[in-house]
>>> print(open('start.txt').read())   # compact mmCIF, C-alpha atoms
# COMPACT_ATOMS: atom_id res chain seq x y z
CA MET A 1 48.59 -40.14 84.99
CA LEU A 2 49.84 -40.59 81.42
CA PHE A 3 49.28 -44.32 81.79
CA TYR A 4 45.59 -43.84 82.50
CA ILE A 5 45.17 -41.57 79.48
CA PHE A 6 46.78 -44.19 77.24
CA ALA A 7 44.74 -46.97 78.87
CA ALA A 8 41.47 -45.11 78.38
CA LEU A 9 42.41 -44.37 74.76
CA ALA A 10 43.22 -48.05 74.13
CA ILE A 11 39.99 -49.30 75.67
CA VAL A 12 37.75 -46.70 74.00
CA SER A 13 39.20 -47.24 70.54
CA GLY A 14 39.19 -51.01 71.03
CA ALA A 15 35.51 -50.89 71.98
CA TYR A 16 34.82 -48.70 68.95
CA MET A 17 36.57 -51.27 66.78
CA VAL A 18 34.06 -53.89 67.93
CA LEU A 19 31.00 -51.63 67.85
CA THR A 20 31.44 -50.04 64.44
CA ARG A 21 30.20 -51.85 61.35
CA ASN A 22 32.50 -50.05 58.95
CA LEU A 23 35.64 -52.11 58.36
CA LEU A 24 37.86 -49.13 57.61
CA TYR A 25 36.82 -47.36 60.81
CA ALA A 26 37.61 -50.58 62.67
CA GLY A 27 41.07 -50.66 61.08
CA PHE A 28 41.86 -47.09 62.04
CA SER A 29 40.60 -47.50 65.60
CA LEU A 30 42.86 -50.56 65.87
CA LEU A 31 45.66 -48.16 64.85
CA ILE A 32 44.87 -45.92 67.83
CA THR A 33 44.78 -48.94 70.16
CA LEU A 34 48.19 -50.15 68.97
CA LEU A 35 49.67 -46.65 69.33
CA SER A 36 48.37 -46.39 72.91
CA VAL A 37 49.82 -49.79 73.76
CA ALA A 38 53.17 -48.58 72.36
CA GLY A 39 52.95 -45.56 74.66
CA ILE A 40 52.27 -47.83 77.63
CA TYR A 41 55.36 -49.87 76.71
CA VAL A 42 57.43 -46.70 76.92
CA LEU A 43 56.01 -46.02 80.40
CA LEU A 44 56.93 -49.59 81.42
CA PHE A 45 60.63 -49.08 80.59
CA ALA A 46 60.43 -51.13 77.40
CA ASP A 47 61.65 -48.68 74.80
CA PHE A 48 62.87 -51.28 72.31
CA ILE A 49 59.55 -53.16 72.49
CA ALA A 50 57.70 -49.87 71.96
CA VAL A 51 59.69 -49.08 68.81
CA THR A 52 59.23 -52.65 67.58
CA GLN A 53 55.50 -52.34 68.19
CA LEU A 54 55.44 -49.14 66.15
CA MET A 55 57.42 -50.61 63.27
CA VAL A 56 55.90 -54.09 63.10
CA TYR A 57 52.29 -53.52 64.12
CA VAL A 58 51.57 -49.96 63.06
CA GLY A 59 53.88 -49.99 60.06
CA GLY A 60 53.43 -53.56 58.91
CA VAL A 61 50.50 -55.54 60.23
CA LEU A 62 48.03 -52.66 60.12
CA VAL A 63 48.95 -51.78 56.52
CA LEU A 64 48.52 -55.46 55.65
CA ILE A 65 45.08 -55.47 57.31
CA LEU A 66 44.03 -52.33 55.44
CA PHE A 67 45.17 -53.96 52.18
CA GLY A 68 43.17 -57.05 53.14
CA ILE A 69 40.05 -54.94 53.74
CA MET A 70 40.47 -53.14 50.42
CA LEU A 71 41.10 -56.31 48.44
CA SER A 72 38.41 -58.49 50.02
CA CYS A 73 35.41 -56.19 49.59
CA ARG A 74 33.23 -55.96 46.54
CA VAL A 75 33.92 -52.87 44.49
CA HIS A 76 30.26 -52.03 43.90
CA ASP A 77 29.63 -51.80 47.64
CA LYS A 78 29.83 -48.12 48.42
CA SER A 79 30.72 -48.69 52.06
CA VAL A 80 32.64 -51.60 53.50
CA LEU A 81 30.27 -52.95 56.11
CA SER A 82 30.04 -56.22 57.98
CA GLU A 83 27.18 -57.40 60.13
CA ASN A 84 27.45 -58.54 63.72
CA VAL A 85 26.30 -62.02 64.70
CA ASN A 86 26.15 -63.82 68.04
CA THR A 87 26.08 -60.49 69.84
CA VAL A 88 24.39 -61.89 72.96
CA TRP A 89 26.73 -64.86 73.28
CA GLY A 90 29.75 -62.75 72.42
CA ALA A 91 28.92 -60.10 75.01
CA LEU A 92 28.20 -62.82 77.57
CA VAL A 93 31.50 -64.63 77.00
CA ALA A 94 33.54 -61.42 76.90
CA GLY A 95 31.80 -60.10 80.02
CA LEU A 96 32.42 -63.34 81.87
CA ILE A 97 36.09 -63.26 80.84
CA VAL A 98 36.62 -59.68 81.98
CA VAL A 99 34.73 -60.20 85.25
CA GLY A 100 36.56 -63.45 86.03
CA LEU A 101 39.97 -62.04 85.18
CA SER A 102 39.37 -58.84 87.15
CA TYR A 103 38.11 -60.82 90.15
CA SER A 104 41.14 -63.10 90.14
CA ILE A 105 43.57 -60.21 89.59
CA LEU A 106 42.10 -58.24 92.47
CA LYS A 107 41.88 -61.32 94.67
CA ALA A 108 45.43 -62.44 93.95
CA ASN A 109 46.92 -59.54 95.91
CA ILE A 110 49.80 -59.43 93.48
CA SER A 111 51.81 -56.68 95.17
CA SER A 112 52.44 -58.95 98.16
CA LEU A 113 53.91 -61.83 96.18
CA PRO A 114 57.44 -62.59 97.36
CA TRP A 115 59.06 -62.67 93.92
CA LEU A 116 57.60 -59.28 93.07
CA GLN A 117 58.90 -57.61 96.22
CA PRO A 118 61.91 -55.80 94.72
CA THR A 119 59.62 -53.45 92.85
CA GLU A 120 62.24 -50.77 92.92
CA ILE A 121 62.65 -49.45 89.41
CA THR A 122 66.33 -50.15 89.06
CA VAL A 123 65.72 -52.42 86.10
CA LEU A 124 67.94 -50.41 83.83
CA GLY A 125 70.61 -49.78 86.40
CA ASP A 126 72.85 -46.98 85.25
CA GLN A 127 72.19 -47.42 81.55
CA LYS A 128 69.44 -45.44 79.94
CA SER A 129 67.97 -47.89 77.42
CA THR A 130 67.23 -51.59 77.16
CA VAL A 131 68.72 -51.96 73.67
CA GLN A 132 72.15 -53.09 74.81
CA THR A 133 70.79 -55.70 77.22
CA ILE A 134 68.35 -57.04 74.64
CA GLY A 135 71.07 -57.26 72.00
CA ILE A 136 73.45 -59.14 74.29
CA LYS A 137 70.67 -61.49 75.44
CA LEU A 138 69.58 -62.19 71.86
CA MET A 139 73.10 -63.20 70.90
CA THR A 140 73.80 -65.30 74.01
CA ASP A 141 70.88 -66.80 75.95
CA PHE A 142 68.23 -66.50 73.25
CA VAL A 143 70.23 -67.23 70.13
CA LEU A 144 68.29 -70.40 69.24
CA PRO A 145 64.83 -68.76 69.39
CA PHE A 146 66.31 -65.83 67.46
CA GLU A 147 67.48 -68.08 64.62
CA ILE A 148 64.21 -70.03 64.64
CA ALA A 149 62.31 -66.73 64.42
CA SER A 150 64.32 -65.74 61.36
CA LEU A 151 63.57 -69.13 59.77
CA LEU A 152 59.87 -68.72 60.62
CA LEU A 153 59.80 -65.29 59.01
CA LEU A 154 61.44 -66.66 55.85
CA ILE A 155 58.94 -69.54 55.66
CA ALA A 156 56.01 -67.18 56.29
CA LEU A 157 57.25 -64.83 53.56
CA MET A 158 57.56 -67.63 51.01
CA GLY A 159 54.27 -69.22 52.04
CA ALA A 160 52.32 -65.96 51.92
CA ALA A 161 53.73 -65.07 48.51
CA TYR A 162 52.95 -68.56 47.19
CA ILE A 163 49.40 -68.67 48.58
CA ALA A 164 48.46 -65.18 47.41
CA THR A 165 49.63 -65.75 43.83
CA ASP A 166 46.78 -65.93 41.36
CA ARG A 167 47.72 -69.03 39.39
CA GLN A 168 45.04 -68.65 36.74
CA LYS A 169 46.44 -65.40 35.48
CA VAL A 170 50.12 -66.32 35.58
CA MET B 1 56.25 -43.00 88.13
CA ASN B 2 55.41 -46.41 89.49
CA ILE B 3 52.32 -47.84 87.83
CA PRO B 4 50.59 -50.48 90.00
CA LEU B 5 50.84 -53.92 88.43
CA GLU B 6 47.14 -54.60 89.00
CA HIS B 7 46.11 -51.71 86.78
CA ILE B 8 48.20 -52.99 83.88
CA LEU B 9 46.77 -56.48 84.33
CA LEU B 10 43.23 -55.09 84.40
CA LEU B 11 43.88 -53.10 81.23
CA SER B 12 45.18 -56.19 79.48
CA ALA B 13 42.19 -58.23 80.69
CA VAL B 14 39.84 -55.64 79.16
CA LEU B 15 41.81 -55.61 75.88
CA PHE B 16 41.74 -59.42 75.80
CA SER B 17 37.97 -59.52 76.26
CA ILE B 18 37.50 -56.91 73.54
CA GLY B 19 39.56 -59.11 71.23
CA VAL B 20 37.46 -62.17 72.13
CA LEU B 21 34.30 -60.13 71.51
CA ALA B 22 35.58 -59.14 68.05
CA VAL B 23 36.45 -62.76 67.21
CA ILE B 24 33.01 -64.01 68.28
CA THR B 25 30.73 -61.31 66.90
CA LYS B 26 32.36 -60.27 63.65
CA ARG B 27 31.86 -62.31 60.51
CA HIS B 28 34.34 -60.64 58.18
CA ALA B 29 37.57 -62.63 58.22
CA VAL B 30 39.83 -59.57 58.38
CA VAL B 31 38.05 -58.20 61.45
CA VAL B 32 38.43 -61.57 63.17
CA LEU B 33 42.14 -61.23 62.45
CA MET B 34 42.14 -57.77 64.02
CA GLY B 35 40.60 -59.25 67.17
CA ILE B 36 43.36 -61.84 67.28
CA GLU B 37 45.96 -59.06 67.03
CA LEU B 38 44.28 -57.36 70.00
CA ILE B 39 44.56 -60.60 72.01
CA PHE B 40 48.27 -60.80 71.15
CA ASN B 41 48.72 -57.23 72.38
CA ALA B 42 46.99 -57.99 75.67
CA ALA B 43 49.33 -60.94 76.27
CA ASN B 44 52.35 -58.81 75.35
CA LEU B 45 51.30 -56.14 77.82
CA ASN B 46 51.32 -58.71 80.62
CA LEU B 47 54.76 -59.98 79.63
CA VAL B 48 56.24 -56.48 79.57
CA ALA B 49 54.57 -55.58 82.86
CA PHE B 50 56.04 -58.58 84.66
CA SER B 51 59.41 -58.04 82.98
CA ARG B 52 59.75 -54.89 85.09
CA HIS B 53 60.13 -57.08 88.17
CA ASP B 54 62.53 -59.54 86.61
CA PRO B 55 65.75 -59.66 88.60
CA GLN B 56 67.48 -61.43 85.73
CA LEU B 57 66.58 -58.53 83.48
CA LEU B 58 64.20 -58.39 80.60
CA GLN B 59 63.22 -61.99 79.94
CA GLY B 60 59.59 -60.91 79.56
CA GLN B 61 60.54 -58.24 77.06
CA LEU B 62 62.50 -60.73 74.97
CA PHE B 63 59.54 -63.11 75.06
CA SER B 64 57.19 -60.37 73.91
CA LEU B 65 59.62 -59.62 71.07
CA PHE B 66 59.22 -63.19 69.83
CA VAL B 67 55.44 -62.91 70.24
CA ILE B 68 55.50 -59.85 67.96
CA VAL B 69 57.55 -61.77 65.37
CA VAL B 70 55.14 -64.71 65.38
CA ALA B 71 52.15 -62.35 65.20
CA ALA B 72 53.61 -60.63 62.14
CA ALA B 73 54.20 -63.96 60.37
CA GLU B 74 50.69 -65.12 61.30
CA ALA B 75 49.11 -61.93 59.97
CA ALA B 76 50.92 -62.21 56.64
CA VAL B 77 49.95 -65.85 56.06
CA ALA B 78 46.37 -65.35 57.28
CA LEU B 79 45.79 -62.37 55.01
CA ALA B 80 47.16 -64.32 52.05
CA ILE B 81 44.70 -67.12 52.87
CA VAL B 82 41.85 -64.59 53.17
CA LEU B 83 42.68 -63.21 49.74
CA ARG B 84 42.70 -66.70 48.19
CA VAL B 85 39.37 -67.52 49.86
CA TYR B 86 37.93 -64.26 48.56
CA GLN B 87 39.07 -65.04 45.02
CA HIS B 88 37.53 -68.51 45.24
CA PHE B 89 34.23 -67.86 47.01
CA LYS B 90 33.80 -64.17 46.03
CA THR B 91 33.17 -63.36 49.69
CA ALA B 92 35.17 -62.97 52.89
CA ASN B 93 32.17 -63.59 55.13
CA LEU B 94 32.93 -66.61 57.31
CA ASN B 95 29.32 -67.83 57.50
CA GLU B 96 28.84 -67.87 53.74
CA ILE B 97 32.11 -69.74 53.33
CA ALA B 98 31.00 -72.34 55.87
CA THR B 99 27.66 -72.99 54.16
CA ASP B 100 29.26 -73.29 50.75
CA GLN B 101 30.33 -76.82 50.03
>>> encode(input="start.txt", output="structure tokens")
Amino acid sequence: MLFYIFAALAIVSGAYMVLTRNLLYAGFSLLITLLSVAGIYVLLFADFIAVTQLMVYVGGVLVLILFGIMLSCRVHDKSVLSENVNTVWGALVAGLIVVGLSYSILKANISSLPWLQPTEITVLGDQKSTVQTIGIKLMTDFVLPFEIASLLLLIALMGAAYIATDRQKV
Amino acid sequence: MNIPLEHILLLSAVLFSIGVLAVITKRHAVVVLMGIELIFNAANLNLVAFSRHDPQLLQGQLFSLFVIVVAAAEAAVALAIVLRVYQHFKTANLNEIATDQ
């Protein structure tokens, strides 16, 4: 039941993010969507992913987006508004996507797939959290993607700082 | 509680289409970025949902971890670019940027 509450919250606030014209309202409704998705991660036995979602998305990306809204709007505008364009085409494409995906998901009869048969929730076994498994996997099977991710973050940090510098003033 | 896999997939399909709708209809660059973040979240939800059935344990969760890392890097660089564009063109509206030479 908790899953459906979180799902409804995510969909309603996501729809509000698209419908509202105020950029700050859109940012804060994206906050509610990300929080609901974090709650769904907890229900799906992904505690580490849920905490990462909270720290990276809610604590990092959303603050960055709010800074971007504040810094990229004219000061003399009282409200930070943006107009909608292509509403007919956008609604058509999004509606087609959701109808097509729902049709194929319902048609696929996923619960009868052979590789999904052991649906018994013994994922965690006798341990209570996924942190230990994820840590061991990151240092053994996934050590190359892990190192590449650290390199990517370093490059993104340097690149973002270099691009955002105002070179006229310095 | 055992959540049916179809319901999670349907939720992520709806979130994905909302993200696509935001990318298509909004003309402020930051809101387009927010739509892209929503699309990333929909993909992550699918990965975590299928990771529950992974006999080899948690490959989907590890993959979604890397997706989150890449999304964070992408958001930082894209917002830096948006700020530079705003300083140059004095607007963050994508249509006005496109018509400017």
>>> residues_around(input="start.txt", residues="Ser36 (chain A)", least_positions_apart="5", cutoff="9 Å", atoms="all atoms listed in the file", output="number ranges by chain")
A: 5-10, 31, 41
>>> interface_residues(input="start.txt", of="chain B", to="chain A", cutoff="8 Å", atoms="only C-alpha atoms", output="PyMOL selection string")
chain B and resi 2-3+5-6+9-11+13-15+17-18+20-22+24-28+30-31+34+41+45+48-49+52-55+57-58+61-62+64-66+68-70+72-77+79-84+86+91-92
>>> closest_residue(input="start.txt", among="A:Val42, A:Lys107, A:Ser13, A:Leu35", to="Gly59 (chain A)", atoms="only C-alpha atoms")
A:Leu35
>>> residues_around(input="start.txt", residues="Phe40 (chain B)", least_positions_apart="6", cutoff="9 Å", atoms="all atoms listed in the file", output="PyMOL selection string")
chain B and resi 16+19+67-68+71
>>> axis_aligned_box(input="start.txt", around="region 59-71 of chain B", padding_each_side="6 Å", output="JSON")
{"center_x": 57.7, "center_y": -61.5, "center_z": 72.6, "size_x": 23.1, "size_y": 18.5, "size_z": 26.7}
>>> atom_distance(input="start.txt", atom1="CA of Ile32 (chain A)", atom2="CA of Leu94 (chain B)")
26.1 Å
>>> atom_distance(input="start.txt", atom1="CA of Asn44 (chain B)", atom2="CA of Met70 (chain A)")
28.2 Å
>>> residues_around(input="start.txt", residues="Gly60 (chain B)", least_positions_apart="6", cutoff="7 Å", atoms="all atoms listed in the file", output="PyMOL selection string")
chain B and resi 47-48+50-51
>>> atom_distance(input="start.txt", atom1="CA of Gln87 (chain B)", atom2="CA of Val63 (chain A)")
20.1 Å
